[in-house]
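**Student:** Just so it is clear, I am handing over final19.cif, which has mmCIF, C-alpha atoms.
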```
data_my_file
#
loop_
_atom_site.label_atom_id
_atom_site.label_comp_id
_atom_site.auth_asym_id
_atom_site.auth_seq_id
_atom_site.Cartn_x
_atom_site.Cartn_y
_atom_site.Cartn_z
CA MET A 1 -8.59 230.65 -154.10
CA PRO A 2 -11.36 232.88 -152.70
CA GLU A 3 -13.67 231.45 -150.06
CA PHE A 4 -17.28 230.63 -150.80
CA THR A 5 -20.18 229.83 -148.51
CA TYR A 6 -20.96 226.25 -147.56
CA THR A 7 -24.21 226.49 -149.51
CA GLU A 8 -22.46 227.74 -152.65
CA GLU A 9 -19.94 224.90 -152.43
CA ASN A 10 -22.73 222.38 -151.94
CA TYR A 11 -24.54 223.67 -155.01
CA LEU A 12 -21.41 223.53 -157.15
CA LYS A 13 -20.69 220.00 -155.98
CA ALA A 14 -24.28 218.95 -156.73
CA ILE A 15 -24.23 220.52 -160.19
CA TYR A 16 -20.92 218.82 -160.96
CA SER A 17 -22.24 215.41 -159.88
CA ILE A 18 -25.40 215.73 -161.98
CA GLN A 19 -23.51 217.20 -164.93
CA HIS A 20 -20.98 214.37 -164.77
CA ASN A 21 -23.77 211.81 -165.16
CA ASN A 22 -25.68 213.64 -167.91
CA GLU A 23 -24.65 212.94 -171.50
CA SER A 24 -25.42 216.53 -172.47
CA GLY A 25 -23.28 217.92 -169.66
CA GLU A 26 -26.13 220.27 -168.77
CA VAL A 27 -28.27 220.38 -165.63
CA SER A 28 -31.87 221.51 -165.13
CA VAL A 29 -33.20 223.56 -162.23
CA ASN A 30 -35.50 220.69 -161.25
CA GLU A 31 -32.60 218.22 -161.14
CA ILE A 32 -30.69 220.53 -158.81
CA ALA A 33 -33.78 221.10 -156.64
CA GLU A 34 -34.26 217.36 -156.28
CA ARG A 35 -30.59 216.79 -155.40
CA MET A 36 -30.56 219.66 -152.89
CA ASN A 37 -34.00 218.77 -151.51
CA THR A 38 -35.30 222.30 -151.99
CA ARG A 39 -37.72 224.31 -154.15
CA PRO A 40 -36.91 225.30 -157.76
CA ALA A 41 -37.39 228.97 -156.82
CA THR A 42 -34.67 228.65 -154.18
CA VAL A 43 -32.38 227.04 -156.74
CA THR A 44 -33.00 229.86 -159.21
CA ASP A 45 -31.98 232.45 -156.61
CA MET A 46 -28.72 230.59 -155.95
CA LEU A 47 -28.02 230.17 -159.68
CA ARG A 48 -28.20 233.93 -160.11
CA LYS A 49 -25.59 234.37 -157.37
CA LEU A 50 -23.31 231.72 -158.85
CA SER A 51 -23.68 233.25 -162.28
CA GLU A 52 -22.72 236.69 -160.96
CA LYS A 53 -19.56 235.11 -159.55
CA LYS A 54 -18.93 233.51 -162.97
CA LEU A 55 -19.04 230.01 -161.52
CA ILE A 56 -21.76 228.77 -163.87
CA HIS A 57 -23.12 229.46 -167.34
CA TYR A 58 -26.76 230.25 -166.76
CA GLU A 59 -29.65 231.88 -168.59
CA LYS A 60 -33.18 232.03 -167.23
CA TYR A 61 -35.36 229.06 -168.30
CA LYS A 62 -32.33 227.25 -169.71
CA LYS A 63 -30.12 224.51 -168.36
CA VAL A 64 -26.94 225.13 -166.37
CA GLN A 65 -23.29 224.29 -166.86
CA LEU A 66 -20.35 224.90 -164.56
CA SER A 67 -17.72 227.35 -165.74
CA LYS A 68 -14.06 226.38 -165.60
CA ALA A 69 -13.80 228.14 -162.23
CA GLY A 70 -16.93 226.35 -161.00
CA VAL A 71 -15.52 222.95 -161.96
CA GLN A 72 -12.30 223.75 -160.10
CA ILE A 73 -14.18 224.56 -156.89
CA ALA A 74 -16.47 221.53 -157.21
CA LEU A 75 -13.50 219.21 -157.68
CA ASN A 76 -11.74 220.76 -154.70
CA VAL A 77 -14.78 220.10 -152.49
CA LEU A 78 -15.06 216.53 -153.78
CA ARG A 79 -11.34 216.01 -153.17
CA LYS A 80 -11.70 217.09 -149.54
CA HIS A 81 -14.88 215.08 -149.05
CA ARG A 82 -13.41 211.85 -150.38
CA LEU A 83 -10.10 212.24 -148.56
CA TRP A 84 -11.96 212.77 -145.29
CA GLU A 85 -14.12 209.73 -145.98
CA THR A 86 -10.95 207.70 -146.53
CA PHE A 87 -9.39 209.01 -143.32
CA LEU A 88 -12.51 208.30 -141.27
CA HIS A 89 -12.81 204.77 -142.66
CA LYS A 90 -9.16 203.72 -142.67
CA LYS A 91 -7.78 205.51 -139.63
CA LEU A 92 -10.77 206.06 -137.33
CA LEU A 93 -12.55 202.85 -138.36
CA PHE A 94 -15.88 204.43 -139.21
CA SER A 95 -18.04 202.05 -141.24
CA TRP A 96 -18.49 202.96 -144.90
CA ASP A 97 -22.13 203.90 -144.28
CA GLU A 98 -21.13 206.41 -141.56
CA VAL A 99 -18.42 208.42 -143.29
CA HIS A 100 -20.50 210.45 -145.75
CA GLU A 101 -22.40 212.53 -143.19
CA VAL A 102 -19.25 213.47 -141.27
CA ALA A 103 -17.31 214.22 -144.45
CA GLU A 104 -20.12 216.57 -145.50
CA GLN A 105 -19.07 218.78 -142.59
CA LEU A 106 -15.31 218.40 -143.01
CA GLU A 107 -15.29 219.09 -146.76
CA HIS A 108 -15.68 222.84 -146.18
CA ILE A 109 -12.34 223.26 -144.37
CA GLN A 110 -10.40 225.84 -146.37
CA SER A 111 -6.77 225.00 -145.51
CA ALA A 112 -5.13 223.66 -148.68
CA LYS A 113 -2.05 222.73 -146.65
CA LEU A 114 -4.15 220.55 -144.32
CA VAL A 115 -5.78 218.76 -147.25
CA ASP A 116 -2.42 218.14 -148.95
CA LYS A 117 -0.99 216.83 -145.67
CA LEU A 118 -4.03 214.57 -145.27
CA ASP A 119 -3.50 213.22 -148.79
CA GLU A 120 0.17 212.53 -148.00
CA PHE A 121 -0.69 210.93 -144.63
CA LEU A 122 -3.10 208.54 -146.35
CA GLY A 123 -0.53 207.56 -148.99
CA TYR A 124 -2.14 209.47 -151.88
CA PRO A 125 -5.18 207.20 -152.30
CA GLU A 126 -6.89 207.21 -155.68
CA PHE A 127 -10.32 205.99 -154.54
CA ASP A 128 -12.43 206.54 -151.43
CA PRO A 129 -14.18 203.80 -149.34
CA HIS A 130 -17.09 203.74 -151.80
CA GLY A 131 -14.78 203.40 -154.79
CA ASP A 132 -15.25 206.98 -156.00
CA PRO A 133 -12.15 208.57 -157.58
CA ILE A 134 -10.39 211.21 -155.48
CA PRO A 135 -9.47 214.29 -157.54
CA LYS A 136 -5.82 215.31 -157.33
CA SER A 137 -4.75 218.78 -156.25
CA ASN A 138 -4.28 219.72 -159.92
CA GLY A 139 -7.82 218.58 -160.80
CA ASP A 140 -6.84 215.29 -162.46
CA ILE A 141 -9.22 212.43 -161.72
CA PRO A 142 -8.15 208.75 -161.61
CA VAL A 143 -9.77 206.77 -164.41
CA SER A 144 -11.85 203.69 -163.67
CA THR A 145 -12.79 200.98 -166.17
CA ALA A 146 -15.56 199.63 -163.93
CA GLN A 147 -18.96 198.55 -165.25
CA VAL A 148 -22.27 197.96 -163.50
CA LEU A 149 -22.81 194.38 -162.32
CA ASN A 150 -26.27 193.98 -163.87
CA GLU A 151 -24.74 194.40 -167.36
CA CYS A 152 -21.93 191.88 -166.86
CA ALA A 153 -21.57 188.48 -168.54
CA LEU A 154 -22.56 185.19 -166.95
CA ASN A 155 -19.98 182.78 -165.49
CA THR A 156 -17.23 185.39 -165.25
CA LYS A 157 -15.59 186.46 -161.99
CA TYR A 158 -15.86 190.17 -161.12
CA LYS A 159 -14.53 192.24 -158.23
CA ILE A 160 -16.55 195.02 -156.60
CA VAL A 161 -14.59 198.28 -156.84
CA ALA A 162 -17.24 200.94 -156.22
CA VAL A 163 -20.88 201.67 -155.45
CA LYS A 164 -23.04 204.22 -157.26
CA ASP A 165 -25.43 204.66 -154.35
CA THR A 166 -23.67 205.77 -151.15
CA SER A 167 -26.79 206.10 -149.00
CA SER A 168 -26.67 204.48 -145.57
CA LEU A 169 -29.68 202.28 -146.35
CA PHE A 170 -28.04 200.84 -149.47
CA LEU A 171 -24.66 200.27 -147.82
CA GLN A 172 -26.28 198.62 -144.82
CA GLN A 173 -28.18 196.29 -147.12
CA LEU A 174 -24.94 195.35 -148.87
CA GLU A 175 -23.45 194.52 -145.47
CA ARG A 176 -26.25 191.99 -144.94
CA TYR A 177 -25.06 190.19 -148.07
CA GLY A 178 -21.42 190.50 -147.03
CA LEU A 179 -20.77 192.76 -150.02
CA GLN A 180 -18.08 195.42 -149.88
CA ILE A 181 -15.20 196.79 -151.94
CA GLY A 182 -12.87 193.95 -152.96
CA VAL A 183 -15.43 191.12 -152.81
CA THR A 184 -15.52 188.88 -155.89
CA LEU A 185 -18.75 187.64 -157.45
CA THR A 186 -19.75 185.43 -160.35
CA ILE A 187 -23.16 185.79 -162.02
CA SER A 188 -24.61 182.32 -162.47
CA GLU A 189 -28.08 183.23 -163.73
CA ARG A 190 -30.12 186.24 -164.89
CA MET A 191 -33.90 186.30 -164.34
CA PRO A 192 -35.65 187.58 -167.51
CA TYR A 193 -38.82 188.63 -165.69
CA ASP A 194 -37.40 191.22 -163.27
CA GLY A 195 -33.72 191.49 -164.21
CA SER A 196 -32.52 190.11 -160.87
CA ILE A 197 -29.40 187.94 -160.87
CA MET A 198 -28.09 184.92 -158.98
CA VAL A 199 -24.50 185.42 -157.86
CA GLN A 200 -21.89 183.31 -156.13
CA ASN A 201 -19.18 184.70 -153.84
CA ALA A 202 -15.64 183.42 -153.32
CA LYS A 203 -16.85 181.07 -150.56
CA GLY A 204 -19.26 179.39 -152.94
CA ASN A 205 -22.37 180.89 -151.34
CA SER A 206 -25.15 181.75 -153.79
CA PHE A 207 -27.80 184.43 -153.35
CA GLN A 208 -30.10 186.61 -155.43
CA LEU A 209 -29.61 190.34 -156.03
CA SER A 210 -32.31 192.64 -157.38
CA GLU A 211 -31.68 194.54 -160.59
CA LYS A 212 -31.61 197.79 -158.58
CA ILE A 213 -28.85 196.52 -156.29
CA ALA A 214 -26.82 195.08 -159.18
CA ALA A 215 -27.16 198.36 -161.12
CA ASN A 216 -25.52 200.19 -158.21
CA LEU A 217 -22.50 197.88 -157.92
CA LEU A 218 -19.46 198.73 -160.06
CA VAL A 219 -17.08 195.88 -160.86
CA VAL A 220 -14.00 195.04 -162.89
#
```
So that I can check it, write out the structure of this file as structure tokens.

**Tutor:**
Amino acid sequence: MPEFTYTEENYLKAIYSIQHNNESGEVSVNEIAERMNTRPATVTDMLRKLSEKKLIHYEKYKKVQLSKAGVQIALNVLRKHRLWETFLHKKLLFSWDEVHEVAEQLEHIQSAKLVDKLDEFLGYPEFDPHGDPIPKSNGDIPVSTAQVLNECALNTKYKIVAVKDTSSLFLQQLERYGLQIGVTLTISERMPYDGSIMVQNAKGNSFQLSEKIAANLLVV
């Protein structure tokens, strides 16, 4: 596989992430600019370059889609990122709110042999410390049946398996509640005014979660 610049890989990864969450499968310039924290004009310049390399389907003033080659590269970057997050968390004992920034640097390593060895060393994990699926070397992605906590039924036990928001601030706030992957919760009450919920953990402790927090917790 040919090498691409860090910036190109970051753009492809960003487009994939947005595209994956959009029902239409298409991405606007403004969405990319917001994700990359840059100006739309800068995004447009990069889209031209990616289009010339046949990594995206792009026409001026229209939305963007990754080409088959673009998807392959994006998945490869995500695979490396999530494997490195898993390694940092499980083997080097980084906290789950620390791993993302370091993995952002390590995800651009080009050695396929190193990545495959890392996958083997970790025991071929299917999900990273945040519960995100780790793409396989052939591009297959483990399937999750998780749903967001704020849409779950009352008086049913659920286990946290992933978080939608992986920002340090969100993860640190979860730590204050003792919430992490594997923790079980039962929703005892839903507040009609603001959508917040009362939950109970396995120890019988009850506390209130805002709708925003509950909407970023994935459970089964």

**Student:** Give me the result of the PyMOL selection byres ((chain A and resi 59) around 12) on this file, residue by residue, as an MDAnalysis selection string.

**Tutor:** chainID A and resid 27:29 44 47:48 50:52 56:58 60:65

**Student:** Would you kindly translate the PyMOL selection byres ((chain A and resi 81) around 7) into the concrete residues it picks from this file, as a list in words?

**Tutor:**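 Applying the PyMOL selection byres ((chain A and resi 81) around 7) to the structure shown produces Val77, Leu78, Arg79, Lys80, Arg82, Leu83, Trp84, Glu85, Ala103, Glu104, Leu106 and Glu107 of chain A.
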
**Student:** Residues at most 8 Å from range 133-136 of chain A, counting all atoms listed in the file, excluding those fewer than 3 positions away in the same chain, as JSON, numbers by chain?

**Tutor:** {"A": [75, 76, 78, 79, 82, 83, 125, 126, 127, 128, 139, 140, 141, 142, 143, 144]}

**Student:** For the structure provided, state which residues fall under the PyMOL selection byres ((chain A and resi 200-204) around 6), and present them as a PDB file with C-alpha atoms, in the coordinates of the input.

**Tutor:**
```pdb
ATOM      1  CA  THR A 184     -15.520 188.880-155.890  1.00  0.00           C
ATOM      2  CA  LEU A 185     -18.750 187.640-157.450  1.00  0.00           C
ATOM      3  CA  THR A 186     -19.750 185.430-160.350  1.00  0.00           C
ATOM      4  CA  VAL A 199     -24.500 185.420-157.860  1.00  0.00           C
ATOM      5  CA  ASN A 205     -22.370 180.890-151.340  1.00  0.00           C
ATOM      6  CA  SER A 206     -25.150 181.750-153.790  1.00  0.00           C
TER       7      SER A 206
END
```

**Student:** To one decimal in Å, tell me the separation between CA of Phe207 in chain A and CA of Leu171 in chain A.

**Tutor:** 17.1 Å

**Student:** Rounded to one decimal, what separation in Å do you get between CA of Lys159 in chain A and CA of Met191 in chain A?

**Tutor:** 21.2 Å

**Student:** Would you mind telling me which residue in A:Val219, A:Val183, A:Ile15, A:Ile32 lies nearest to Leu55 in chain A when using only C-alpha atoms?

**Tutor:**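 Distance minimum relative to Leu55 in chain A lands on A:Ile15.
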
**Student:** Taking into account only C-alpha atoms, which residue in the set A:Asn10, A:Ser210, A:Ser17, A:Ser196 is nearest to Leu174 in chain A?

**Tutor:**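 Comparing A:Asn10, A:Ser210, A:Ser17, A:Ser196 against Leu174 in chain A, the winner is A:Ser210.
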
**Student:** I'd like to know which of A:His89, A:Lys157, A:Lys53, A:His108 is closest to Ser67 in chain A, using only C-alpha atoms.

**Tutor:**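 Of the candidates, the smallest distance to Ser67 in chain A is held by A:Lys53.
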
**Student:** Just add N, CA and C atoms to range 194-212 of chain A and send it as a PDB file, keeping the file's coordinate frame.

**Tutor:**
```
ATOM      1  N   ASP A 194     -37.637 189.984-164.025  1.00  0.00           N
ATOM      2  CA  ASP A 194     -37.400 191.220-163.270  1.00  0.00           C
ATOM      3  C   ASP A 194     -35.960 191.716-163.325  1.00  0.00           C
ATOM      4  N   GLY A 195     -35.097 191.031-164.076  1.00  0.00           N
ATOM      5  CA  GLY A 195     -33.720 191.490-164.210  1.00  0.00           C
ATOM      6  C   GLY A 195     -32.830 191.190-163.022  1.00  0.00           C
ATOM      7  N   SER A 196     -33.360 190.476-162.021  1.00  0.00           N
ATOM      8  CA  SER A 196     -32.520 190.110-160.870  1.00  0.00           C
ATOM      9  C   SER A 196     -31.511 189.052-161.302  1.00  0.00           C
ATOM     10  N   ILE A 197     -30.453 188.894-160.515  1.00  0.00           N
ATOM     11  CA  ILE A 197     -29.400 187.940-160.870  1.00  0.00           C
ATOM     12  C   ILE A 197     -29.064 187.041-159.683  1.00  0.00           C
ATOM     13  N   MET A 198     -28.645 185.828-159.991  1.00  0.00           N
ATOM     14  CA  MET A 198     -28.090 184.920-158.980  1.00  0.00           C
ATOM     15  C   MET A 198     -26.575 185.050-159.052  1.00  0.00           C
ATOM     16  N   VAL A 199     -25.948 185.283-157.900  1.00  0.00           N
ATOM     17  CA  VAL A 199     -24.500 185.420-157.860  1.00  0.00           C
ATOM     18  C   VAL A 199     -23.899 184.450-156.861  1.00  0.00           C
ATOM     19  N   GLN A 200     -22.627 184.186-157.038  1.00  0.00           N
ATOM     20  CA  GLN A 200     -21.890 183.310-156.130  1.00  0.00           C
ATOM     21  C   GLN A 200     -20.639 184.035-155.666  1.00  0.00           C
ATOM     22  N   ASN A 201     -20.381 184.040-154.356  1.00  0.00           N
ATOM     23  CA  ASN A 201     -19.180 184.700-153.840  1.00  0.00           C
ATOM     24  C   ASN A 201     -18.005 183.732-153.802  1.00  0.00           C
ATOM     25  N   ALA A 202     -16.865 184.219-153.323  1.00  0.00           N
ATOM     26  CA  ALA A 202     -15.640 183.420-153.320  1.00  0.00           C
ATOM     27  C   ALA A 202     -15.742 182.185-152.425  1.00  0.00           C
ATOM     28  N   LYS A 203     -16.662 182.216-151.454  1.00  0.00           N
ATOM     29  CA  LYS A 203     -16.850 181.070-150.560  1.00  0.00           C
ATOM     30  C   LYS A 203     -17.791 180.025-151.136  1.00  0.00           C
ATOM     31  N   GLY A 204     -18.336 180.326-152.305  1.00  0.00           N
ATOM     32  CA  GLY A 204     -19.260 179.390-152.940  1.00  0.00           C
ATOM     33  C   GLY A 204     -20.701 179.575-152.540  1.00  0.00           C
ATOM     34  N   ASN A 205     -20.994 180.616-151.758  1.00  0.00           N
ATOM     35  CA  ASN A 205     -22.370 180.890-151.340  1.00  0.00           C
ATOM     36  C   ASN A 205     -23.120 181.602-152.466  1.00  0.00           C
ATOM     37  N   SER A 206     -24.334 181.135-152.746  1.00  0.00           N
ATOM     38  CA  SER A 206     -25.150 181.750-153.790  1.00  0.00           C
ATOM     39  C   SER A 206     -26.313 182.528-153.186  1.00  0.00           C
ATOM     40  N   PHE A 207     -26.657 183.649-153.799  1.00  0.00           N
ATOM     41  CA  PHE A 207     -27.800 184.430-153.350  1.00  0.00           C
ATOM     42  C   PHE A 207     -28.268 185.309-154.507  1.00  0.00           C
ATOM     43  N   GLN A 208     -29.483 185.827-154.372  1.00  0.00           N
ATOM     44  CA  GLN A 208     -30.100 186.610-155.430  1.00  0.00           C
ATOM     45  C   GLN A 208     -30.004 188.103-155.128  1.00  0.00           C
ATOM     46  N   LEU A 209     -29.661 188.892-156.141  1.00  0.00           N
ATOM     47  CA  LEU A 209     -29.610 190.340-156.030  1.00  0.00           C
ATOM     48  C   LEU A 209     -30.632 190.957-156.977  1.00  0.00           C
ATOM     49  N   SER A 210     -31.360 191.954-156.512  1.00  0.00           N
ATOM     50  CA  SER A 210     -32.310 192.640-157.380  1.00  0.00           C
ATOM     51  C   SER A 210     -31.570 193.418-158.452  1.00  0.00           C
ATOM     52  N   GLU A 211     -32.283 193.753-159.531  1.00  0.00           N
ATOM     53  CA  GLU A 211     -31.680 194.540-160.590  1.00  0.00           C
ATOM     54  C   GLU A 211     -31.210 195.894-160.069  1.00  0.00           C
ATOM     55  N   LYS A 212     -31.978 196.481-159.137  1.00  0.00           N
ATOM     56  CA  LYS A 212     -31.610 197.790-158.580  1.00  0.00           C
ATOM     57  C   LYS A 212     -30.294 197.716-157.832  1.00  0.00           C
TER      58      LYS A 212
END
```
